[in-house]
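Peer 1: I am sharing entry.pdb, which consists of PDB, C-alpha atoms, pLDDT in the B column:
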ATOM      1  CA  MET A   1      88.293 109.390  27.339  1.00 89.00           C
ATOM      2  CA  ALA A   2      92.009 109.877  26.709  1.00 91.00           C
ATOM      3  CA  THR A   3      94.572 111.229  29.134  1.00 92.00           C
ATOM      4  CA  VAL A   4      97.138 113.747  27.908  1.00 91.00           C
ATOM      5  CA  ASN A   5     100.308 114.612  29.789  1.00 93.00           C
ATOM      6  CA  PHE A   6     102.580 117.480  28.808  1.00 91.00           C
ATOM      7  CA  SER A   7     104.920 119.944  30.430  1.00 96.00           C
ATOM      8  CA  VAL A   8     104.513 123.704  30.476  1.00 96.00           C
ATOM      9  CA  PRO A   9     106.595 126.436  32.063  1.00 97.00           C
ATOM     10  CA  THR A  10     105.721 127.074  35.699  1.00 98.00           C
ATOM     11  CA  ASP A  11     104.718 130.685  35.067  1.00 98.00           C
ATOM     12  CA  VAL A  12     102.245 129.585  32.376  1.00 97.00           C
ATOM     13  CA  LYS A  13     100.677 126.983  34.677  1.00 96.00           C
ATOM     14  CA  GLU A  14     100.373 129.506  37.506  1.00 97.00           C
ATOM     15  CA  ALA A  15      98.789 132.087  35.199  1.00 98.00           C
ATOM     16  CA  PHE A  16      96.417 129.433  33.818  1.00 97.00           C
ATOM     17  CA  ASP A  17      95.422 128.288  37.307  1.00 96.00           C
ATOM     18  CA  LYS A  18      94.791 131.881  38.349  1.00 97.00           C
ATOM     19  CA  ALA A  19      92.843 132.775  35.199  1.00 97.00           C
ATOM     20  CA  PHE A  20      90.638 129.693  35.397  1.00 97.00           C
ATOM     21  CA  ALA A  21      90.314 129.307  39.176  1.00 97.00           C
ATOM     22  CA  GLY A  22      87.180 127.428  40.137  1.00 96.00           C
ATOM     23  CA  ARG A  23      86.675 125.996  36.661  1.00 97.00           C
ATOM     24  CA  ASN A  24      87.124 122.455  35.461  1.00 97.00           C
ATOM     25  CA  LYS A  25      90.656 122.620  34.029  1.00 95.00           C
ATOM     26  CA  SER A  26      90.113 119.544  31.843  1.00 95.00           C
ATOM     27  CA  ALA A  27      87.071 121.172  30.237  1.00 96.00           C
ATOM     28  CA  VAL A  28      88.951 124.439  29.691  1.00 97.00           C
ATOM     29  CA  LEU A  29      91.888 122.629  28.082  1.00 96.00           C
ATOM     30  CA  THR A  30      89.526 120.563  25.943  1.00 96.00           C
ATOM     31  CA  ASP A  31      87.867 123.747  24.641  1.00 97.00           C
ATOM     32  CA  LEU A  32      91.247 125.351  23.960  1.00 97.00           C
ATOM     33  CA  MET A  33      92.449 122.249  22.107  1.00 97.00           C
ATOM     34  CA  ARG A  34      89.278 122.211  19.987  1.00 98.00           C
ATOM     35  CA  GLN A  35      89.821 125.874  19.149  1.00 98.00           C
ATOM     36  CA  ALA A  36      93.438 125.168  18.195  1.00 98.00           C
ATOM     37  CA  VAL A  37      92.386 122.317  15.899  1.00 98.00           C
ATOM     38  CA  GLU A  38      89.730 124.464  14.222  1.00 98.00           C
ATOM     39  CA  GLU A  39      92.216 127.329  13.811  1.00 98.00           C
ATOM     40  CA  ARG A  40      94.679 124.937  12.162  1.00 98.00           C
ATOM     41  CA  HIS A  41      91.974 123.720   9.749  1.00 98.00           C
ATOM     42  CA  ARG A  42      90.938 127.311   9.005  1.00 98.00           C
ATOM     43  CA  ARG A  43      94.549 128.302   8.343  1.00 98.00           C
ATOM     44  CA  ARG A  44      95.039 125.387   5.953  1.00 98.00           C
ATOM     45  CA  ARG A  45      91.872 126.343   4.047  1.00 97.00           C
ATOM     46  CA  GLN A  46      93.107 129.947   3.837  1.00 97.00           C
ATOM     47  CA  ASP A  47      96.518 128.811   2.626  1.00 97.00           C
ATOM     48  CA  ARG A  48      94.950 126.646  -0.107  1.00 97.00           C
ATOM     49  CA  ALA A  49      92.674 129.514  -1.166  1.00 96.00           C
ATOM     50  CA  ILE A  50      95.627 131.897  -1.389  1.00 96.00           C
ATOM     51  CA  VAL A  51      97.589 129.436  -3.512  1.00 95.00           C
ATOM     52  CA  LYS A  52      94.597 129.073  -5.870  1.00 94.00           C
ATOM     53  CA  LEU A  53      94.113 132.835  -6.127  1.00 92.00           C
ATOM     54  CA  LEU A  54      97.782 133.400  -6.856  1.00 91.00           C
ATOM     55  CA  ALA A  55      97.696 130.685  -9.526  1.00 90.00           C
ATOM     56  CA  LEU A  56      94.674 132.359 -11.135  1.00 88.00           C
ATOM     57  CA  ARG A  57      96.404 135.714 -11.003  1.00 85.00           C
ATOM     58  CA  LYS A  58      99.538 134.292 -12.561  1.00 83.00           C
ATOM     59  CA  SER A  59      97.620 132.641 -15.383  1.00 83.00           C
ATOM     60  CA  ALA A  60      95.394 135.662 -16.078  1.00 81.00           C
ATOM     61  CA  ARG A  61      96.132 137.484 -19.275  1.00 80.00           C
ATOM     62  CA  ARG A  62      97.855 140.801 -18.849  1.00 83.00           C
ATOM     63  CA  VAL A  63      95.934 143.962 -19.644  1.00 85.00           C
ATOM     64  CA  THR A  64      97.644 147.192 -20.591  1.00 89.00           C
ATOM     65  CA  ASP A  65      96.735 150.624 -19.263  1.00 91.00           C
ATOM     66  CA  GLN A  66      95.494 151.543 -22.730  1.00 91.00           C
ATOM     67  CA  GLN A  67      93.141 148.541 -22.787  1.00 89.00           C
ATOM     68  CA  ILE A  68      91.766 149.546 -19.392  1.00 88.00           C
ATOM     69  CA  ARG A  69      91.196 153.127 -20.577  1.00 89.00           C
ATOM     70  CA  SER A  70      89.460 151.895 -23.721  1.00 90.00           C
ATOM     71  CA  ALA A  71      87.189 149.598 -21.717  1.00 88.00           C
ATOM     72  CA  ARG A  72      86.195 152.469 -19.457  1.00 89.00           C
ATOM     73  CA  VAL A  73      85.326 154.672 -22.412  1.00 89.00           C
ATOM     74  CA  GLN A  74      83.340 152.041 -24.325  1.00 88.00           C
ATOM     75  CA  GLY A  75      79.610 152.371 -23.860  1.00 76.00           C
ATOM     76  CA  ARG A  76      79.794 155.841 -22.363  1.00 79.00           C
ATOM     77  CA  PRO A  77      77.787 158.604 -23.987  1.00 72.00           C
TER      78      PRO A  77
END
Take the structure in this file and express it as structure tokens.

Peer 2:
Amino acid sequence: MATVNFSVPTDVKEAFDKAFAGRNKSAVLTDLMRQAVEERHRRRRQDRAIVKLLALRKSARRVTDQQIRSARVQGRP
């Protein structure tokens, strides 16, 4: 098991201690750190997906309004 030391503002520590009174602070911080790591991974996946979608959009052929109207009319009775 690793030990982590870091500094936080006093008001944050006091609010944390009050919010999680009676709980194992190490376990709470471990859960919060796991959530932060997962959020970072999720954000990176989202960022990559957005880049791919934008690349697809940029490379897609342009369609005119007239072509859209024609496609809507085709096949209609």

Peer 1: What's the separation between CA of Arg61 in chain A and CA of Gly75 in chain A, in Å to one decimal place?

Peer 2: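 Going from CA of Arg61 in chain A over to CA of Gly75 in chain A, I get 22.7 Å.
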
Peer 1: Can you work out which one of A:Val51, A:Val4, A:Ala15, A:Ile68 has the shortest atom-to-atom distance to Met33 in chain A, counting only C-alpha atoms?

Peer 2: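 Comparing A:Val51, A:Val4, A:Ala15, A:Ile68 against Met33 in chain A, the winner is A:Val4.
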
Peer 1: Which polymer residues have any atom within 12 Å of an atom of Asn5 in chain A, counting all atoms listed in the file, with same-chain residues fewer than 3 positions away left out, as a PyMOL selection string?

Peer 2: chain A and resi 2+8+26+29

Peer 1: Quick check, in Å to one decimal: how far apart do CA of Ala21 in chain A and CA of Arg34 in chain A lie?

Peer 2: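 Calculated distance between CA of Ala21 in chain A and CA of Arg34 in chain A is 20.5 Å.
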
Peer 1: Take CA of Ala36 in chain A and CA of Lys18 in chain A and report the distance between them in Å, one decimal.

Peer 2: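 That distance, rounded to one decimal, is 21.3 Å.
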